[in-house]
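K.L.:
Structure file data.cif (mmCIF, C-alpha atoms) right here:
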```cif
data_structure
#
loop_
_atom_site.label_atom_id
_atom_site.label_comp_id
_atom_site.auth_asym_id
_atom_site.auth_seq_id
_atom_site.Cartn_x
_atom_site.Cartn_y
_atom_site.Cartn_z
CA MET N 1 46.53 124.40 68.53
CA ASN N 2 47.49 125.53 72.04
CA LEU N 3 44.50 124.83 74.30
CA LEU N 4 45.20 127.94 76.34
CA PHE N 5 45.14 130.05 73.16
CA GLU N 6 41.75 128.52 72.28
CA LYS N 7 40.53 129.40 75.78
CA GLU N 8 41.72 133.01 75.41
CA VAL N 9 40.00 133.30 72.02
CA ALA N 10 36.80 131.88 73.51
CA GLU N 11 36.91 134.44 76.33
CA LEU N 12 37.39 137.24 73.80
CA ASN N 13 34.38 135.91 71.89
CA GLN N 14 32.34 136.15 75.08
CA ARG N 15 33.22 139.84 75.14
CA GLY N 16 32.02 140.16 71.55
CA ILE N 17 35.50 140.17 70.01
CA GLY N 18 36.09 137.84 67.07
CA ILE N 19 39.60 136.73 66.16
CA ALA N 20 39.22 138.60 62.85
CA GLU N 21 39.26 141.85 64.83
CA LEU N 22 42.78 141.17 66.12
CA THR N 23 45.80 142.43 64.23
CA PRO N 24 48.45 139.92 63.06
CA ASP N 25 50.80 141.29 65.74
CA GLU N 26 48.17 140.82 68.45
CA ILE N 27 47.57 137.23 67.38
CA ALA N 28 51.31 136.54 67.39
CA GLU N 29 51.70 138.12 70.83
CA LEU N 30 48.76 136.13 72.21
CA VAL N 31 50.12 132.86 70.79
CA HIS N 32 53.56 133.61 72.24
CA ALA N 33 52.10 134.52 75.64
CA CYS N 34 50.07 131.30 75.74
CA ASP N 35 53.09 129.21 74.71
CA ARG N 36 55.09 130.87 77.45
CA MET N 37 52.40 130.00 80.00
CA GLN N 38 52.49 126.36 78.89
CA ASN N 39 56.19 126.08 79.77
CA PRO N 40 57.27 129.18 81.71
CA TYR N 41 60.52 127.65 82.97
CA ARG N 42 61.88 126.52 79.58
CA ASP N 43 64.38 129.32 79.02
CA ALA N 44 65.31 129.54 82.71
CA ASN N 45 66.06 125.80 82.70
CA LEU N 46 68.28 126.16 79.63
CA GLU N 47 70.13 128.96 81.40
CA ALA N 48 70.45 126.95 84.61
CA VAL N 49 72.37 124.18 82.83
CA GLY N 50 74.33 126.56 80.59
CA MET N 51 72.54 125.80 77.33
CA PRO N 52 72.22 128.63 74.80
CA VAL N 53 69.46 129.38 72.33
CA VAL N 54 70.70 127.80 69.10
CA LEU N 55 69.59 129.24 65.74
CA SER N 56 69.24 127.21 62.55
CA ASP N 57 72.70 128.21 61.27
CA GLY N 58 74.38 127.16 64.53
CA THR N 59 74.60 130.67 66.00
CA THR N 60 74.39 130.40 69.79
CA LEU N 61 72.87 133.13 71.94
CA PHE N 62 73.23 133.24 75.73
CA ASN N 63 71.52 135.63 78.09
CA LEU N 64 73.82 138.61 78.68
CA THR N 65 76.60 138.08 81.19
CA ILE N 66 77.79 140.89 83.44
CA GLY N 67 80.94 141.16 81.34
CA ALA N 68 78.95 141.56 78.10
CA THR N 69 76.49 143.95 79.77
CA VAL N 70 79.26 146.23 81.02
CA TRP N 71 80.89 146.22 77.56
CA LEU N 72 77.58 147.23 75.96
CA ASP N 73 77.09 150.02 78.52
CA GLU N 74 80.63 151.39 78.63
CA TYR N 75 81.66 150.99 74.99
CA ALA N 76 79.07 149.98 72.38
CA GLY N 77 76.37 152.12 73.96
CA LYS N 78 78.62 155.19 73.79
CA TRP N 79 79.74 154.55 70.22
CA TRP N 80 76.34 153.85 68.67
CA SER N 81 72.73 154.88 69.23
CA ALA N 82 70.61 152.22 70.89
CA LYS N 83 68.27 152.26 67.86
CA SER N 84 71.02 151.91 65.26
CA LYS N 85 71.89 148.78 63.27
CA SER N 86 75.43 149.00 64.65
CA TYR N 87 74.19 148.71 68.22
CA PHE N 88 71.79 145.92 67.25
CA TRP N 89 74.68 143.84 65.91
CA ALA N 90 76.78 144.76 68.94
CA MET N 91 73.97 143.27 71.05
CA VAL N 92 73.99 140.10 68.94
CA TYR N 93 77.78 139.89 69.35
CA ALA N 94 77.44 140.29 73.11
CA LEU N 95 74.80 137.55 73.27
CA ALA N 96 76.86 135.19 71.14
CA ASN N 97 80.20 135.80 72.87
CA GLY N 98 79.25 136.88 76.39
CA ARG N 99 80.75 133.77 77.98
CA ASN N 100 84.10 134.22 76.26
CA ARG N 101 86.18 136.86 78.00
CA ASP N 102 88.78 136.80 75.21
CA ALA N 103 86.13 137.94 72.71
CA PHE N 104 86.08 141.36 74.42
CA THR N 105 89.70 142.01 75.40
CA THR N 106 90.49 144.05 72.27
CA LEU N 107 87.04 145.58 71.82
CA THR N 108 87.75 148.73 73.79
CA ASP N 109 88.69 150.26 70.42
CA ARG N 110 85.75 151.24 68.21
CA ASP N 111 87.32 150.21 64.89
CA MET N 112 88.43 146.83 66.20
CA ALA N 113 84.98 146.27 67.70
CA LYS N 114 83.28 147.19 64.43
CA SER N 115 85.53 144.78 62.52
CA ALA N 116 84.83 141.87 64.90
CA ILE N 117 81.09 142.53 64.90
CA MET N 118 80.95 142.80 61.10
CA LYS N 119 82.83 139.51 60.74
CA MET N 120 80.30 137.79 62.98
CA ALA N 121 77.35 139.41 61.16
CA LEU N 122 78.60 138.17 57.77
CA ASN N 123 78.75 134.64 59.15
CA THR N 124 75.21 134.73 60.56
CA HIS N 125 72.85 133.11 58.04
CA VAL N 126 69.35 133.26 59.47
CA THR N 127 66.28 135.32 58.65
CA GLU N 128 65.72 138.55 60.53
CA GLU N 129 62.58 137.05 62.10
CA GLU N 130 64.47 134.02 63.44
CA LEU N 131 67.24 136.24 64.76
CA LEU N 132 64.77 138.53 66.54
CA GLN N 133 62.93 135.56 68.06
CA GLY N 134 66.25 134.10 69.21
CA ILE N 135 67.26 137.37 70.81
CA GLU N 136 63.91 137.65 72.58
CA ARG N 137 64.33 134.19 74.07
CA ALA N 138 67.96 134.76 74.99
CA VAL N 139 67.38 138.04 76.82
CA HIS N 140 64.27 136.94 78.73
CA LYS N 141 63.95 138.93 81.94
CA ARG N 142 62.42 137.83 85.18
CA GLU N 143 60.22 140.31 87.02
CA THR N 144 61.95 140.29 90.38
CA GLY N 145 60.29 143.35 91.86
CA THR N 146 63.57 144.15 93.60
CA GLY N 147 64.27 147.59 92.18
CA LYS N 148 65.48 148.75 88.79
CA HIS N 149 69.09 149.29 89.86
CA LEU N 150 69.52 145.60 90.70
CA GLN N 151 67.62 143.85 87.92
CA GLY N 152 70.51 143.22 85.56
CA THR N 153 69.32 145.93 83.22
CA GLY N 154 72.72 147.48 82.54
CA GLN N 155 73.36 151.08 83.45
CA GLY N 156 72.48 151.88 87.02
CA SER N 157 73.38 148.45 88.38
CA ASP N 158 76.02 148.29 91.11
CA TRP N 159 77.81 145.23 89.75
CA GLY N 160 80.68 145.74 92.19
CA GLU N 161 78.38 145.28 95.18
CA ILE N 162 76.70 142.27 93.64
CA LEU N 163 79.98 140.58 92.71
CA ARG N 164 81.63 141.21 96.08
CA THR N 165 78.61 139.78 97.87
CA LEU N 166 78.41 136.71 95.63
CA GLU N 167 82.11 135.96 95.96
CA ALA N 168 82.06 136.44 99.74
CA THR N 169 78.91 134.42 100.41
CA THR N 170 79.47 131.55 97.98
CA GLY N 171 83.26 131.30 97.86
CA ILE N 172 83.02 131.14 94.04
CA PRO N 173 85.53 133.50 92.36
CA CYS N 174 84.26 136.75 90.89
CA GLU N 175 85.26 135.77 87.32
CA HIS N 176 82.75 132.91 87.35
CA TRP N 177 79.91 135.33 87.99
CA VAL N 178 81.17 137.82 85.41
CA TRP N 179 81.56 135.41 82.49
CA ASN N 180 79.94 132.04 83.26
CA ARG N 181 76.49 133.14 84.38
CA SER N 182 74.01 135.66 83.01
CA ALA N 183 73.70 139.03 84.70
CA ASP N 184 70.09 138.15 85.44
CA TRP N 185 71.12 134.88 87.10
CA CYS N 186 73.68 136.72 89.23
CA VAL N 187 71.12 139.28 90.38
CA GLN N 188 68.67 136.53 91.29
CA THR N 189 71.35 134.68 93.25
CA TYR N 190 72.38 137.91 94.99
CA HIS N 191 68.83 138.51 96.21
CA ARG N 192 68.34 134.89 97.26
CA GLN N 193 71.54 135.15 99.30
CA ASN N 194 70.10 138.25 100.95
CA GLN N 195 66.84 136.41 101.63
CA PHE N 196 68.76 133.55 103.23
CA ALA N 197 70.77 135.96 105.38
CA GLU N 198 67.58 137.69 106.55
CA ALA N 199 65.96 134.33 107.29
CA MET N 200 68.94 133.37 109.46
CA LYS N 201 68.28 136.54 111.46
CA GLY N 202 64.64 135.57 111.90
CA ARG N 203 63.41 138.12 109.36
CA SER N 204 61.82 137.54 105.98
CA LEU N 205 61.66 139.41 102.67
CA PRO N 206 58.77 139.34 100.16
CA ARG N 207 58.74 136.27 97.91
CA MET N 208 60.71 136.82 94.72
CA LYS N 209 58.68 136.55 91.55
CA ASP N 210 59.64 133.72 89.24
CA GLU N 211 59.09 132.78 85.59
CA LEU N 212 55.51 131.66 86.18
CA ASP N 213 54.69 135.07 87.66
CA ALA N 214 56.31 136.75 84.67
CA ALA N 215 54.44 134.55 82.16
CA THR N 216 51.12 135.17 83.93
CA ASN N 217 51.70 138.93 83.96
CA ASN N 218 52.73 138.88 80.29
CA LEU N 219 49.52 137.11 79.24
CA ALA N 220 47.45 139.54 81.29
CA GLN N 221 49.20 142.50 79.66
CA VAL N 222 48.60 141.13 76.14
CA ARG N 223 44.94 140.51 76.97
CA PHE N 224 44.53 144.02 78.45
CA SER N 225 46.23 145.62 75.43
CA ILE N 226 43.77 143.94 73.06
CA LEU N 227 40.74 144.88 75.15
CA HIS N 228 41.98 148.46 75.56
CA ARG N 229 42.54 148.94 71.82
CA LEU N 230 39.02 147.73 71.09
CA GLY N 231 37.51 149.77 73.90
CA ARG N 232 36.40 146.75 75.92
CA ASP N 233 38.73 147.03 78.94
CA ALA N 234 36.06 148.79 81.01
CA GLN N 235 33.53 145.98 80.52
#
```
Can you give me the file's structure in the form of structure tokens?
P.N.:
Amino acid sequence: MNLLFEKEVAELNQRGIGIAELTPDEIAELVHACDRMQNPYRDANLEAVGMPVVLSDGTTLFNLTIGATVWLDEYAGKWWSAKSKSYFWAMVYALANGRNRDAFTTLTDRDMAKSAIMKMALNTHVTEEELLQGIERAVHKRETGTGKHLQGTGQGSDWGEILRTLEATTGIPCEHWVWNRSADWCVQTYHRQNQFAEAMKGRSLPRMKDELDAATNNLAQVRFSILHRLGRDAQ
């Protein structure tokens, strides 16, 4: 048993809340939040060395690259509703193939995209629960606090500005940033480059939040949600 989870349960008990009062979803969320606190850098470290989340059937899921993100925004997102099964599988396709530019070259046509996505879906042999957990890990987001339009969230991001800056300041070709790194990684690097540039001018920017900040905030949110549902948040 995760010691942090036991500590959280003990603190709830002190507020008069027994574990039996929690819903199965709340228990799962609390366990996940505590696990995340135990090793907040796990998924970021996998991303840093280019390792995907690997499911039991061998399906590999990377965090979304800029190339995959733009394809989802400009094509899949316009063909299918964000809540539809078609878009869900388009997301899985983008996660699985986001580092392979050739996997998207013909997918500007809806029928060809649907055929490629269906072929991948038929060859994915995992439970829905495992797939959802894999997706959640693969698309982990860092809370950068740098503004919605530059957080790698898809529509509203000025990828052109980010890519031009990264290429100019690092000397690494644009294609590397589009296909070999996640959109989130690129945004983080972009802001760190800006921080460095400001530091060279003798100015400083607020510290960027990292995975530990995000894990701490996530646990606090789960805890607050439980207390609020049971009417104990004001105590």
K.L.:
Step by step: start from the point (50.9, 138.9, 71.4) in the file's coordinates, keep every protein, DNA or RNA residue that has an atom no farther than 10 Å from it, count all atoms listed in the file, and write the set as a compact mmCIF listing (two decimals) with C-alpha atoms, keeping the file's coordinate frame.
P.N.:
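Printed below is point-v3.txt as written:
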```
# COMPACT_ATOMS: atom_id res chain seq x y z
CA LEU N 22 42.78 141.17 66.12
CA THR N 23 45.80 142.43 64.23
CA PRO N 24 48.45 139.92 63.06
CA ASP N 25 50.80 141.29 65.74
CA GLU N 26 48.17 140.82 68.45
CA ILE N 27 47.57 137.23 67.38
CA ALA N 28 51.31 136.54 67.39
CA GLU N 29 51.70 138.12 70.83
CA LEU N 30 48.76 136.13 72.21
CA VAL N 31 50.12 132.86 70.79
CA HIS N 32 53.56 133.61 72.24
CA ALA N 33 52.10 134.52 75.64
CA CYS N 34 50.07 131.30 75.74
CA ASN N 218 52.73 138.88 80.29
CA LEU N 219 49.52 137.11 79.24
CA GLN N 221 49.20 142.50 79.66
CA VAL N 222 48.60 141.13 76.14
CA ARG N 223 44.94 140.51 76.97
CA SER N 225 46.23 145.62 75.43
CA ILE N 226 43.77 143.94 73.06
```
K.L.:
Tell me, in Å to one decimal, how far atom CA of Asp109 of chain N is from atom CA of Lys83 of chain N.
P.N.:
20.7 Å
K.L.:
On this structure, the PyMOL selection byres ((chain N and resi 126) around 12) would catch which residues? List them as a ChimeraX atom specification, sorted by chain and number.
P.N.:
/N:54-60,121-125,127-134
K.L.:
Which residues are near Leu212 of chain N? Cut-off 10 Å, all atoms listed in the file, ignore same chain within fewer than 4 positions. Put them as a list in words.
P.N.:
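The contact residues come out as Arg36, Met37, Gln38, Asn39, Pro40, Tyr41, Arg142, Glu143, Thr216, Asn217 and Asn218 of chain N.
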K.L.:
From the list N:Ala168, N:Cys186, N:Leu72, N:Val53, which residue is nearest Arg137 of chain N when using only C-alpha atoms?
P.N.:
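Counting only C-alpha atoms, the residue closest to Arg137 of chain N is N:Val53.
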K.L.:
Residues proximal to (74.8, 149.3, 70.4) were defined as those with any atom within 12 Å of that point in the file's coordinates, counting only C-alpha atoms. Which are they, as a ChimeraX atom specification?
P.N.:
/N:68-94,110,113-114,117
K.L.:
Could those selected residues go to a file with C-alpha atoms, as a CSV table (one decimal), in the frame of the given file?
P.N.:
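Saved file selection.csv follows:
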```
chain,number,residue,atom,x,y,z
N,68,ALA,CA,79.0,141.6,78.1
N,69,THR,CA,76.5,144.0,79.8
N,70,VAL,CA,79.3,146.2,81.0
N,71,TRP,CA,80.9,146.2,77.6
N,72,LEU,CA,77.6,147.2,76.0
N,73,ASP,CA,77.1,150.0,78.5
N,74,GLU,CA,80.6,151.4,78.6
N,75,TYR,CA,81.7,151.0,75.0
N,76,ALA,CA,79.1,150.0,72.4
N,77,GLY,CA,76.4,152.1,74.0
N,78,LYS,CA,78.6,155.2,73.8
N,79,TRP,CA,79.7,154.6,70.2
N,80,TRP,CA,76.3,153.8,68.7
N,81,SER,CA,72.7,154.9,69.2
N,82,ALA,CA,70.6,152.2,70.9
N,83,LYS,CA,68.3,152.3,67.9
N,84,SER,CA,71.0,151.9,65.3
N,85,LYS,CA,71.9,148.8,63.3
N,86,SER,CA,75.4,149.0,64.6
N,87,TYR,CA,74.2,148.7,68.2
N,88,PHE,CA,71.8,145.9,67.2
N,89,TRP,CA,74.7,143.8,65.9
N,90,ALA,CA,76.8,144.8,68.9
N,91,MET,CA,74.0,143.3,71.0
N,92,VAL,CA,74.0,140.1,68.9
N,93,TYR,CA,77.8,139.9,69.4
N,94,ALA,CA,77.4,140.3,73.1
N,110,ARG,CA,85.8,151.2,68.2
N,113,ALA,CA,85.0,146.3,67.7
N,114,LYS,CA,83.3,147.2,64.4
N,117,ILE,CA,81.1,142.5,64.9
```
K.L.:
Near Leu12 of chain N, counting all atoms listed in the file, which residues have an atom at most 12 Å away, once you skip same-chain residues fewer than 4 positions from it, shown as a list in words?
P.N.:
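Answer for this query is Phe5, Glu6, Lys7, Glu8, Gly16, Ile17, Gly18, Ile19, Ala20, Glu21, Leu22, Leu30, Arg223, Phe224, Ile226, Leu227, Leu230, Arg232, Asp233 and Gln235 of chain N.
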K.L.:
Limited to C-alpha atoms, could you put the picked residues into a file as a CSV table (one decimal), in the coordinates of the input?
P.N.:
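Okay, this is what ended up in result08.csv:
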```csv
chain,number,residue,atom,x,y,z
N,5,PHE,CA,45.1,130.0,73.2
N,6,GLU,CA,41.8,128.5,72.3
N,7,LYS,CA,40.5,129.4,75.8
N,8,GLU,CA,41.7,133.0,75.4
N,16,GLY,CA,32.0,140.2,71.6
N,17,ILE,CA,35.5,140.2,70.0
N,18,GLY,CA,36.1,137.8,67.1
N,19,ILE,CA,39.6,136.7,66.2
N,20,ALA,CA,39.2,138.6,62.8
N,21,GLU,CA,39.3,141.8,64.8
N,22,LEU,CA,42.8,141.2,66.1
N,30,LEU,CA,48.8,136.1,72.2
N,223,ARG,CA,44.9,140.5,77.0
N,224,PHE,CA,44.5,144.0,78.4
N,226,ILE,CA,43.8,143.9,73.1
N,227,LEU,CA,40.7,144.9,75.2
N,230,LEU,CA,39.0,147.7,71.1
N,232,ARG,CA,36.4,146.8,75.9
N,233,ASP,CA,38.7,147.0,78.9
N,235,GLN,CA,33.5,146.0,80.5
```
K.L.:
Atom CA of Asn97 of chain N and atom CA of Pro173 of chain N, how far apart in Å?
P.N.:
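Atom CA of Pro173 of chain N sits 20.3 Å away from atom CA of Asn97 of chain N.
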K.L.:
Measure the distance from atom CA of Asn180 of chain N to atom CA of Leu163 of chain N in Å and round it to one decimal.
P.N.:
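Atom-to-atom, atom CA of Asn180 of chain N to atom CA of Leu163 of chain N, that is 12.7 Å.
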K.L.:
Counting all atoms listed in the file, figure out which residue out of N:Ser157, N:Asn13, N:Asn100, N:Thr106 gets nearest to Trp179 of chain N.
P.N.:
N:Asn100
K.L.:
Take the PyMOL selection byres ((chain N and resi 177) around 10), apply it to the structure above, and return the hits as a PDB file with C-alpha atoms, in the coordinates of the input.
P.N.:
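result_7.pdb was written with the following content:
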```pdb
ATOM      1  CA  THR N  65      76.600 138.080  81.190  1.00  0.00           C
ATOM      2  CA  ILE N  66      77.790 140.890  83.440  1.00  0.00           C
ATOM      3  CA  GLY N  67      80.940 141.160  81.340  1.00  0.00           C
ATOM      4  CA  ILE N 162      76.700 142.270  93.640  1.00  0.00           C
ATOM      5  CA  LEU N 163      79.980 140.580  92.710  1.00  0.00           C
ATOM      6  CA  LEU N 166      78.410 136.710  95.630  1.00  0.00           C
ATOM      7  CA  GLU N 167      82.110 135.960  95.960  1.00  0.00           C
ATOM      8  CA  ILE N 172      83.020 131.140  94.040  1.00  0.00           C
ATOM      9  CA  PRO N 173      85.530 133.500  92.360  1.00  0.00           C
ATOM     10  CA  CYS N 174      84.260 136.750  90.890  1.00  0.00           C
ATOM     11  CA  GLU N 175      85.260 135.770  87.320  1.00  0.00           C
ATOM     12  CA  HIS N 176      82.750 132.910  87.350  1.00  0.00           C
ATOM     13  CA  VAL N 178      81.170 137.820  85.410  1.00  0.00           C
ATOM     14  CA  TRP N 179      81.560 135.410  82.490  1.00  0.00           C
ATOM     15  CA  ASN N 180      79.940 132.040  83.260  1.00  0.00           C
ATOM     16  CA  ARG N 181      76.490 133.140  84.380  1.00  0.00           C
ATOM     17  CA  SER N 182      74.010 135.660  83.010  1.00  0.00           C
ATOM     18  CA  ALA N 183      73.700 139.030  84.700  1.00  0.00           C
ATOM     19  CA  TRP N 185      71.120 134.880  87.100  1.00  0.00           C
ATOM     20  CA  CYS N 186      73.680 136.720  89.230  1.00  0.00           C
ATOM     21  CA  VAL N 187      71.120 139.280  90.380  1.00  0.00           C
TER      22      VAL N 187
END
```
K.L.:
Can you work out which one of N:Arg192, N:Ala138, N:Gly231, N:Asp102 has the shortest atom-to-atom distance to Thr165 of chain N, counting all atoms listed in the file?
P.N.:
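The closest residue to Thr165 of chain N is N:Arg192.
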K.L.:
With only C-alpha atoms as the atoms that count, which of N:Asn63, N:Ala96, N:Lys119, N:Leu107 lies nearest to Asp184 of chain N?
P.N.:
N:Asn63
K.L.:
Please export segment 164-195 of chain N as a CSV table (one decimal), in the first residue's frame, restricted to N, CA and C atoms.
P.N.:
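To be explicit, this is the file written out as decode-v6.csv:
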```
chain,number,residue,atom,x,y,z
N,164,ARG,N,10.0,28.7,-35.2
N,164,ARG,CA,11.0,29.6,-35.7
N,164,ARG,C,12.0,29.9,-34.6
N,165,THR,N,11.5,30.2,-33.4
N,165,THR,CA,12.4,30.5,-32.3
N,165,THR,C,13.3,29.4,-31.9
N,166,LEU,N,12.7,28.2,-31.9
N,166,LEU,CA,13.5,27.0,-31.5
N,166,LEU,C,14.6,26.7,-32.5
N,167,GLU,N,14.3,26.8,-33.8
N,167,GLU,CA,15.3,26.6,-34.8
N,167,GLU,C,16.4,27.6,-34.8
N,168,ALA,N,16.0,28.9,-34.6
N,168,ALA,CA,16.9,30.0,-34.6
N,168,ALA,C,17.9,30.0,-33.3
N,169,THR,N,17.3,29.6,-32.2
N,169,THR,CA,18.1,29.7,-31.0
N,169,THR,C,18.9,28.4,-30.7
N,170,THR,N,18.5,27.3,-31.2
N,170,THR,CA,19.2,26.0,-31.0
N,170,THR,C,20.0,25.5,-32.2
N,171,GLY,N,19.6,26.0,-33.4
N,171,GLY,CA,20.3,25.5,-34.6
N,171,GLY,C,19.8,24.1,-35.0
N,172,ILE,N,18.8,23.6,-34.3
N,172,ILE,CA,18.3,22.3,-34.6
N,172,ILE,C,17.1,22.5,-35.6
N,173,PRO,N,17.1,21.8,-36.8
N,173,PRO,CA,16.1,22.0,-37.8
N,173,PRO,C,14.7,21.8,-37.3
N,174,CYS,N,13.8,22.6,-37.9
N,174,CYS,CA,12.4,22.6,-37.5
N,174,CYS,C,11.8,21.2,-37.5
N,175,GLU,N,12.1,20.4,-38.5
N,175,GLU,CA,11.5,19.1,-38.6
N,175,GLU,C,11.7,18.2,-37.3
N,176,HIS,N,12.9,18.4,-36.7
N,176,HIS,CA,13.1,17.7,-35.4
N,176,HIS,C,12.1,18.0,-34.4
N,177,TRP,N,11.8,19.3,-34.2
N,177,TRP,CA,10.8,19.8,-33.2
N,177,TRP,C,9.4,19.4,-33.6
N,178,VAL,N,9.1,19.3,-34.9
N,178,VAL,CA,7.7,18.9,-35.3
N,178,VAL,C,7.4,17.4,-35.1
N,179,TRP,N,8.4,16.6,-35.3
N,179,TRP,CA,8.2,15.1,-35.3
N,179,TRP,C,8.9,14.3,-34.3
N,180,ASN,N,10.0,14.8,-33.7
N,180,ASN,CA,10.8,14.0,-32.8
N,180,ASN,C,10.7,14.4,-31.4
N,181,ARG,N,9.9,15.4,-31.1
N,181,ARG,CA,9.7,15.8,-29.7
N,181,ARG,C,8.2,16.1,-29.5
N,182,SER,N,7.7,15.9,-28.3
N,182,SER,CA,6.3,16.2,-28.1
N,182,SER,C,6.0,17.7,-28.2
N,183,ALA,N,4.8,18.1,-28.5
N,183,ALA,CA,4.4,19.5,-28.5
N,183,ALA,C,4.7,20.2,-27.1
N,184,ASP,N,4.4,19.4,-26.1
N,184,ASP,CA,4.6,19.9,-24.7
N,184,ASP,C,6.1,20.2,-24.5
N,185,TRP,N,6.9,19.3,-24.9
N,185,TRP,CA,8.4,19.4,-24.7
N,185,TRP,C,8.8,20.7,-25.5
N,186,CYS,N,8.3,20.9,-26.7
N,186,CYS,CA,8.7,22.0,-27.5
N,186,CYS,C,8.3,23.3,-26.8
N,187,VAL,N,7.1,23.4,-26.3
N,187,VAL,CA,6.7,24.6,-25.6
N,187,VAL,C,7.5,24.9,-24.4
N,188,GLN,N,7.9,23.8,-23.6
N,188,GLN,CA,8.7,24.0,-22.4
N,188,GLN,C,10.1,24.5,-22.9
N,189,THR,N,10.6,24.0,-23.9
N,189,THR,CA,12.0,24.4,-24.4
N,189,THR,C,11.9,25.8,-24.9
N,190,TYR,N,10.8,26.2,-25.6
N,190,TYR,CA,10.6,27.6,-26.1
N,190,TYR,C,10.7,28.6,-24.9
N,191,HIS,N,9.9,28.2,-23.8
N,191,HIS,CA,9.9,29.2,-22.7
N,191,HIS,C,11.2,29.2,-21.9
N,192,ARG,N,11.9,28.1,-21.9
N,192,ARG,CA,13.2,28.1,-21.2
N,192,ARG,C,14.2,28.9,-22.0
N,193,GLN,N,14.1,28.8,-23.3
N,193,GLN,CA,15.0,29.7,-24.2
N,193,GLN,C,14.7,31.1,-23.9
N,194,ASN,N,13.4,31.5,-23.7
N,194,ASN,CA,13.0,32.9,-23.4
N,194,ASN,C,13.6,33.3,-22.1
N,195,GLN,N,13.5,32.3,-21.1
N,195,GLN,CA,14.0,32.6,-19.8
N,195,GLN,C,15.5,32.9,-19.8
```
